[in-house]
file run09.cif (mmCIF, C-alpha atoms and all ligand atoms)
data_my_file
#
loop_
_atom_site.label_atom_id
_atom_site.label_comp_id
_atom_site.auth_asym_id
_atom_site.auth_seq_id
_atom_site.Cartn_x
_atom_site.Cartn_y
_atom_site.Cartn_z
CA MET Q 1 27.94 81.08 -50.88
CA ARG Q 2 31.26 82.61 -49.89
CA THR Q 3 33.82 80.09 -48.61
CA PRO Q 4 35.41 81.31 -45.36
CA ILE Q 5 39.11 82.02 -45.49
CA ILE Q 6 41.54 82.10 -42.63
CA ALA Q 7 44.98 83.52 -43.29
CA GLY Q 8 47.96 83.58 -40.97
CA ASN Q 9 50.03 86.74 -41.35
CA TRP Q 10 53.30 85.76 -39.73
CA LYS Q 11 54.61 89.33 -40.09
CA MET Q 12 58.36 89.54 -39.35
CA HIS Q 13 58.46 86.23 -37.50
CA LYS Q 14 60.00 82.84 -38.31
CA THR Q 15 63.27 81.99 -39.98
CA ALA Q 16 62.97 79.62 -42.92
CA ALA Q 17 63.78 76.67 -40.65
CA GLU Q 18 61.11 77.70 -38.13
CA ALA Q 19 58.63 78.39 -40.92
CA ILE Q 20 59.07 74.87 -42.29
CA GLN Q 21 58.20 73.40 -38.89
CA LEU Q 22 55.11 75.56 -38.44
CA ALA Q 23 53.90 74.95 -42.00
CA HIS Q 24 54.36 71.18 -41.56
CA ALA Q 25 52.33 71.20 -38.36
CA VAL Q 26 49.54 73.28 -39.94
CA CYS Q 27 49.35 71.11 -43.07
CA GLU Q 28 49.09 67.95 -40.98
CA ALA Q 29 46.50 69.45 -38.66
CA VAL Q 30 44.13 70.67 -41.38
CA VAL Q 31 44.34 67.64 -43.63
CA ASP Q 32 40.78 66.47 -42.80
CA ILE Q 33 39.21 69.91 -42.56
CA ASN Q 34 37.04 71.06 -45.45
CA GLY Q 35 34.90 74.08 -46.14
CA VAL Q 36 37.46 76.72 -45.23
CA ASP Q 37 40.40 78.09 -47.23
CA VAL Q 38 43.62 78.17 -45.19
CA VAL Q 39 46.47 80.45 -46.25
CA LEU Q 40 49.91 80.93 -44.67
CA CYS Q 41 51.78 84.20 -45.23
CA PRO Q 42 55.39 83.80 -44.08
CA PRO Q 43 58.09 86.42 -44.65
CA PHE Q 44 59.63 86.58 -48.15
CA THR Q 45 62.74 84.71 -47.01
CA ALA Q 46 60.65 81.66 -46.07
CA LEU Q 47 58.29 81.58 -49.06
CA GLY Q 48 60.41 79.15 -51.08
CA ALA Q 49 60.85 76.80 -48.15
CA VAL Q 50 57.18 76.86 -47.16
CA LYS Q 51 56.18 76.31 -50.79
CA THR Q 52 57.83 72.89 -50.68
CA ILE Q 53 55.72 72.01 -47.63
CA VAL Q 54 52.30 73.26 -48.78
CA GLU Q 55 52.65 71.98 -52.34
CA ASN Q 56 50.13 69.22 -52.99
CA THR Q 57 48.17 70.13 -49.87
CA LYS Q 58 45.08 72.32 -49.70
CA VAL Q 59 46.93 74.99 -47.74
CA GLY Q 60 47.53 78.17 -49.74
CA LEU Q 61 50.58 80.40 -49.62
CA GLY Q 62 50.76 84.19 -49.62
CA ALA Q 63 53.33 86.98 -49.43
CA GLN Q 64 52.99 90.00 -47.15
CA ASN Q 65 53.76 92.72 -49.69
CA MET Q 66 54.85 93.23 -53.29
CA TYR Q 67 56.08 96.03 -55.53
CA TRP Q 68 54.09 96.97 -58.64
CA GLU Q 69 56.91 96.76 -61.21
CA GLU Q 70 57.87 93.43 -62.78
CA GLN Q 71 61.60 94.12 -62.65
CA GLY Q 72 64.12 96.94 -62.58
CA ALA Q 73 66.33 99.07 -60.39
CA PHE Q 74 64.22 98.87 -57.21
CA THR Q 75 66.66 97.63 -54.61
CA GLY Q 76 65.08 95.53 -51.91
CA GLU Q 77 61.68 95.17 -53.57
CA VAL Q 78 59.95 91.95 -54.63
CA SER Q 79 58.04 91.78 -57.90
CA PRO Q 80 54.81 90.09 -58.96
CA LEU Q 81 56.77 87.86 -61.37
CA MET Q 82 58.88 86.61 -58.48
CA LEU Q 83 55.85 85.96 -56.29
CA ALA Q 84 53.81 84.31 -59.01
CA GLU Q 85 56.24 81.39 -59.13
CA LEU Q 86 56.05 80.95 -55.36
CA CYS Q 87 52.55 81.68 -54.10
CA GLY Q 88 48.92 82.43 -54.94
CA TYR Q 89 48.04 85.26 -52.54
CA VAL Q 90 49.55 88.57 -51.50
CA ILE Q 91 48.61 90.83 -48.58
CA LEU Q 92 48.52 94.44 -49.79
CA GLY Q 93 48.13 97.68 -47.88
CA HIS Q 94 48.53 96.19 -44.42
CA SER Q 95 48.26 98.99 -41.87
CA GLU Q 96 51.83 98.32 -40.72
CA ARG Q 97 53.01 99.01 -44.28
CA ARG Q 98 50.85 102.12 -44.46
CA GLN Q 99 51.95 103.32 -40.99
CA PHE Q 100 55.68 102.52 -40.98
CA PHE Q 101 56.66 102.31 -44.65
CA GLY Q 102 54.72 105.09 -46.31
CA GLU Q 103 52.31 102.95 -48.31
CA THR Q 104 49.58 105.05 -49.92
CA ASP Q 105 46.11 104.34 -51.29
CA GLU Q 106 47.47 105.03 -54.81
CA GLY Q 107 50.30 102.55 -54.35
CA VAL Q 108 47.94 99.91 -52.97
CA ASN Q 109 45.66 100.39 -55.98
CA LYS Q 110 48.57 99.89 -58.42
CA LYS Q 111 49.70 96.80 -56.55
CA ILE Q 112 46.21 95.27 -56.61
CA LYS Q 113 45.98 95.69 -60.39
CA VAL Q 114 49.42 94.19 -60.97
CA ALA Q 115 48.78 91.30 -58.56
CA LEU Q 116 45.57 90.39 -60.41
CA ALA Q 117 47.36 90.60 -63.76
CA HIS Q 118 49.75 87.93 -62.45
CA ASN Q 119 47.01 85.71 -61.04
CA LEU Q 120 47.86 86.56 -57.45
CA THR Q 121 44.84 86.97 -55.17
CA PRO Q 122 45.20 90.22 -53.24
CA ILE Q 123 44.20 90.36 -49.57
CA VAL Q 124 43.68 94.09 -49.23
CA CYS Q 125 43.75 95.57 -45.74
CA VAL Q 126 41.73 98.58 -44.64
CA GLY Q 127 40.94 99.96 -41.21
CA GLU Q 128 40.83 103.08 -39.09
CA ASN Q 129 43.12 104.18 -36.28
CA LEU Q 130 42.01 104.89 -32.73
CA ALA Q 131 41.63 108.66 -33.19
CA GLN Q 132 39.47 108.15 -36.28
CA ASN Q 133 37.43 105.56 -34.45
CA GLU Q 134 36.85 107.82 -31.47
CA ALA Q 135 35.97 110.74 -33.74
CA GLY Q 136 33.24 108.67 -35.43
CA GLU Q 137 35.10 108.72 -38.76
CA THR Q 138 35.38 104.96 -39.26
CA ALA Q 139 32.64 104.48 -41.84
CA ALA Q 140 33.76 107.34 -44.08
CA PHE Q 141 37.46 106.53 -43.78
CA VAL Q 142 37.12 102.81 -44.47
CA GLY Q 143 34.69 103.42 -47.34
CA GLY Q 144 37.23 105.85 -48.84
CA GLN Q 145 40.06 103.32 -48.53
CA VAL Q 146 37.95 100.70 -50.31
CA LYS Q 147 37.03 103.05 -53.15
CA ALA Q 148 40.68 104.05 -53.59
CA ALA Q 149 41.79 100.40 -53.55
CA PHE Q 150 39.26 99.30 -56.19
CA ALA Q 151 39.56 102.37 -58.44
CA GLY Q 152 39.77 101.34 -62.10
CA LEU Q 153 39.24 97.61 -61.49
CA SER Q 154 36.74 95.77 -63.69
CA ALA Q 155 33.91 93.94 -61.94
CA GLU Q 156 35.45 90.69 -63.17
CA ASP Q 157 38.67 91.52 -61.31
CA ALA Q 158 36.96 93.09 -58.30
CA VAL Q 159 35.26 89.83 -57.29
CA LYS Q 160 38.67 88.13 -57.03
CA VAL Q 161 39.89 90.55 -54.35
CA ILE Q 162 39.70 89.63 -50.67
CA VAL Q 163 39.32 92.55 -48.26
CA ALA Q 164 40.48 92.43 -44.64
CA TYR Q 165 38.92 94.90 -42.24
CA GLU Q 166 41.58 95.44 -39.60
CA PRO Q 167 40.97 98.31 -37.19
CA ILE Q 168 44.49 99.48 -36.35
CA TRP Q 169 43.73 99.85 -32.64
CA ALA Q 170 42.78 96.15 -32.48
CA ILE Q 171 45.99 94.81 -34.05
CA GLY Q 172 48.28 93.11 -31.57
CA THR Q 173 46.57 94.85 -28.65
CA GLY Q 174 44.29 92.11 -27.35
CA LYS Q 175 41.35 94.47 -27.95
CA THR Q 176 38.93 93.42 -30.64
CA ALA Q 177 36.24 95.30 -32.42
CA ASP Q 178 32.77 94.41 -31.21
CA PRO Q 179 31.74 91.67 -33.69
CA ALA Q 180 28.38 93.29 -34.51
CA THR Q 181 30.06 96.65 -35.06
CA ALA Q 182 32.73 95.08 -37.30
CA ASN Q 183 29.94 93.36 -39.22
CA SER Q 184 28.14 96.64 -39.82
CA ILE Q 185 31.35 98.41 -40.95
CA ILE Q 186 31.96 95.55 -43.36
CA GLY Q 187 28.35 95.53 -44.57
CA LEU Q 188 27.81 99.27 -44.86
CA SER Q 189 31.25 100.73 -45.56
CA ILE Q 190 33.05 97.92 -47.38
CA ARG Q 191 30.29 96.06 -49.24
CA GLY Q 192 28.40 99.34 -49.48
CA ALA Q 193 31.30 101.08 -51.25
CA ILE Q 194 31.70 98.12 -53.60
CA ALA Q 195 27.96 98.06 -54.34
CA GLU Q 196 28.15 101.78 -55.23
CA MET Q 197 31.12 101.19 -57.53
CA TYR Q 198 29.82 97.99 -59.16
CA SER Q 199 26.61 96.31 -58.04
CA GLU Q 200 25.04 94.61 -55.06
CA SER Q 201 25.90 91.28 -56.68
CA VAL Q 202 29.63 92.12 -56.83
CA ALA Q 203 29.48 93.37 -53.23
CA GLN Q 204 27.94 90.07 -52.12
CA GLN Q 205 30.54 87.95 -53.92
CA ILE Q 206 33.62 89.55 -52.36
CA ARG Q 207 35.07 87.85 -49.32
CA VAL Q 208 35.77 90.11 -46.36
CA GLN Q 209 37.83 89.03 -43.37
CA TYR Q 210 38.08 90.61 -39.96
CA GLY Q 211 41.54 91.04 -38.40
CA GLY Q 212 42.77 92.38 -35.07
CA SER Q 213 43.42 90.19 -32.01
CA VAL Q 214 41.46 87.23 -33.37
CA LYS Q 215 42.02 84.30 -31.00
CA PRO Q 216 40.59 80.79 -30.61
CA ASP Q 217 38.19 82.04 -27.94
CA ASN Q 218 36.69 84.88 -29.96
CA VAL Q 219 36.80 83.63 -33.57
CA ASP Q 220 33.27 82.14 -33.33
CA SER Q 221 31.75 85.49 -32.44
CA PHE Q 222 33.17 87.03 -35.63
CA MET Q 223 32.27 84.05 -37.81
CA ALA Q 224 28.68 84.22 -36.53
CA GLN Q 225 28.33 87.58 -38.29
CA PRO Q 226 26.76 87.36 -41.75
CA ASP Q 227 29.15 89.74 -43.51
CA ILE Q 228 32.39 88.32 -42.04
CA ASP Q 229 33.93 85.54 -44.13
CA GLY Q 230 36.98 84.66 -42.10
CA ALA Q 231 39.96 86.17 -40.36
CA LEU Q 232 43.41 87.57 -41.03
CA VAL Q 233 45.38 86.57 -37.97
CA GLY Q 234 48.74 87.70 -36.66
CA GLY Q 235 49.84 86.51 -33.22
CA ALA Q 236 47.52 83.51 -32.92
CA SER Q 237 48.70 82.12 -36.27
CA LEU Q 238 52.24 81.56 -35.00
CA LYS Q 239 51.48 78.39 -33.01
CA PRO Q 240 50.01 75.31 -34.68
CA ASP Q 241 47.49 74.60 -31.90
CA SER Q 242 45.97 78.05 -31.78
CA PHE Q 243 45.95 78.35 -35.57
CA LEU Q 244 44.18 75.00 -35.87
CA ALA Q 245 41.62 76.12 -33.28
CA LEU Q 246 41.01 79.24 -35.37
CA VAL Q 247 40.55 77.21 -38.54
CA LYS Q 248 38.03 74.96 -36.76
CA GLY Q 249 36.31 78.02 -35.34
CA THR Q 250 35.49 79.30 -38.82
CA LEU Q 251 33.38 76.25 -39.65
P1 LIG A 1 46.97 90.22 -34.51
O1 LIG A 1 46.12 89.02 -34.78
O2 LIG A 1 48.30 89.87 -33.89
O3 LIG A 1 46.22 91.29 -33.78
O4 LIG A 1 47.37 90.85 -35.96
C1 LIG A 1 46.36 91.13 -36.84
C2 LIG A 1 46.96 91.49 -38.15
O5 LIG A 1 47.53 92.55 -38.32
C3 LIG A 1 46.89 90.48 -39.22
O6 LIG A 1 47.27 91.04 -40.44
#
call {"tool": "encode", "arguments": {"input": "run09.cif", "output": "structure tokens"}}
result
Amino acid sequence: MRTPIIAGNWKMHKTAAEAIQLAHAVCEAVVDINGVDVVLCPPFTALGAVKTIVENTKVGLGAQNMYWEEQGAFTGEVSPLMLAELCGYVILGHSERRQFFGETDEGVNKKIKVALAHNLTPIVCVGENLAQNEAGETAAFVGGQVKAAFAGLSAEDAVKVIVAYEPIWAIGTGKTADPATANSIIGLSIRGAIAEMYSESVAQQIRVQYGGSVKPDNVDSFMAQPDIDGALVGGASLKPDSFLALVKGTL
């Protein structure tokens, strides 16, 4: 059985002081909740502060990006060595990184390998834009992103990766994918690509989240889908009450 996982991607929100408050509230709220993994992904500048709050709780901590080199003359980048002493997860290939900061499939693939080598669990984002969706290209495009992301990974490493299917047109727009359609993209294009690369067993072990305007009032409809194992949440993860409602909605 795959344990559901709900991750809050705080994006470029929350100072360290604000992040401490939110993390405190989340940790207190989820203390009696079992059966779902909860992960907070604050900005880099708040990782150290939030670490002190989530330590010794069951709440996990993740970064929102990472460079693939361990150290060197890469001004402004953050390395896997630096993250490994702070957190256990890292979001890689988020569509905002691909769209605004030139992230490529090749770069995402390198980052996944390096993250795994440093015992960081990658949350790898894939998803089509509106034009691709309307042109009926979603299945082929998402399948291609998955194959590029997993290229060269052993089966042993592949099962550790979490994939987030985030249709770009659903992010921050209030529009969600139809849950049954998202389920079939995840089943056919994401697990299907992984089954082709490895085996049906590997495809069934990997956890796949849905992301894009997930809210307390729609999370159940996604969690009811057999191939959806949780959610990667932006806006609704920024308030303790709505995030708690999402966590409860995954059970
Ligand atoms: P929203 O939940 O704000 O649509 O953001 C989704 C997302 O991009 C999470 O990574």
call {"tool": "residues_near_ligand", "arguments": {"input": "run09.cif", "ligand": "ligand LIG 1 (chain A)", "cutoff": "7 Å", "atoms": "all atoms listed in the file", "output": "PyMOL selection string"}}
result
chain Q and resi 9+94+166+170-174+211-214+232-236
call {"tool": "closest_residue", "arguments": {"input": "run09.cif", "among": "Q:Gly187, Q:Pro226, Q:Gly93, Q:Pro216", "to": "Q:Pro240", "atoms": "all atoms listed in the file"}}
result
Q:Pro216
call {"tool": "residues_around", "arguments": {"input": "run09.cif", "residues": "stretch 110-126 of chain Q", "least_positions_apart": "2", "cutoff": "8 Å", "atoms": "all atoms listed in the file", "output": "JSON, numbers by chain"}}
result
{"Q": [66, 67, 68, 69, 80, 81, 84, 87, 88, 89, 90, 91, 92, 93, 94, 95, 106, 107, 108, 128, 142, 145, 146, 149, 153, 157, 160, 161, 162, 163, 164, 165, 166, 167]}
call {"tool": "write_last_selection", "arguments": {"input": "run09.cif", "atoms": "C-alpha atoms", "output": "compact mmCIF listing (two decimals), in the frame of the given file"}}
result
# COMPACT_ATOMS: atom_id res chain seq x y z
CA MET Q 66 54.85 93.23 -53.29
CA TYR Q 67 56.08 96.03 -55.53
CA TRP Q 68 54.09 96.97 -58.64
CA GLU Q 69 56.91 96.76 -61.21
CA PRO Q 80 54.81 90.09 -58.96
CA LEU Q 81 56.77 87.86 -61.37
CA ALA Q 84 53.81 84.31 -59.01
CA CYS Q 87 52.55 81.68 -54.10
CA GLY Q 88 48.92 82.43 -54.94
CA TYR Q 89 48.04 85.26 -52.54
CA VAL Q 90 49.55 88.57 -51.50
CA ILE Q 91 48.61 90.83 -48.58
CA LEU Q 92 48.52 94.44 -49.79
CA GLY Q 93 48.13 97.68 -47.88
CA HIS Q 94 48.53 96.19 -44.42
CA SER Q 95 48.26 98.99 -41.87
CA GLU Q 106 47.47 105.03 -54.81
CA GLY Q 107 50.30 102.55 -54.35
CA VAL Q 108 47.94 99.91 -52.97
CA GLU Q 128 40.83 103.08 -39.09
CA VAL Q 142 37.12 102.81 -44.47
CA GLN Q 145 40.06 103.32 -48.53
CA VAL Q 146 37.95 100.70 -50.31
CA ALA Q 149 41.79 100.40 -53.55
CA LEU Q 153 39.24 97.61 -61.49
CA ASP Q 157 38.67 91.52 -61.31
CA LYS Q 160 38.67 88.13 -57.03
CA VAL Q 161 39.89 90.55 -54.35
CA ILE Q 162 39.70 89.63 -50.67
CA VAL Q 163 39.32 92.55 -48.26
CA ALA Q 164 40.48 92.43 -44.64
CA TYR Q 165 38.92 94.90 -42.24
CA GLU Q 166 41.58 95.44 -39.60
CA PRO Q 167 40.97 98.31 -37.19
call {"tool": "closest_residue", "arguments": {"input": "run09.cif", "among": "Q:Asp229, Q:Glu77, Q:Glu156, Q:Asp178", "to": "Q:Tyr198", "atoms": "all atoms listed in the file"}}
result
Q:Glu156
call {"tool": "closest_residue", "arguments": {"input": "run09.cif", "among": "Q:Lys248, Q:Arg191, Q:Arg207, Q:Lys239", "to": "Q:Gly8", "atoms": "all atoms listed in the file"}}
result
Q:Lys239
call {"tool": "atom_distance", "arguments": {"input": "run09.cif", "atom1": "atom CA of Q:Leu22", "atom2": "atom CA of Q:Asp37"}}
result
17.3 Å
call {"tool": "residues_near_point", "arguments": {"input": "run09.cif", "point": "(32.7, 104.5, -38.7)", "cutoff": "10 Å", "atoms": "only C-alpha atoms", "output": "PyMOL selection string"}}
result
chain Q and resi 127-128+132-143+181-182+184-185+188-189
call {"tool": "closest_residue", "arguments": {"input": "run09.cif", "among": "Q:Leu238, Q:Leu86, Q:Ala158, Q:Ala203", "to": "Q:Ala25", "atoms": "only C-alpha atoms"}}
result
Q:Leu238
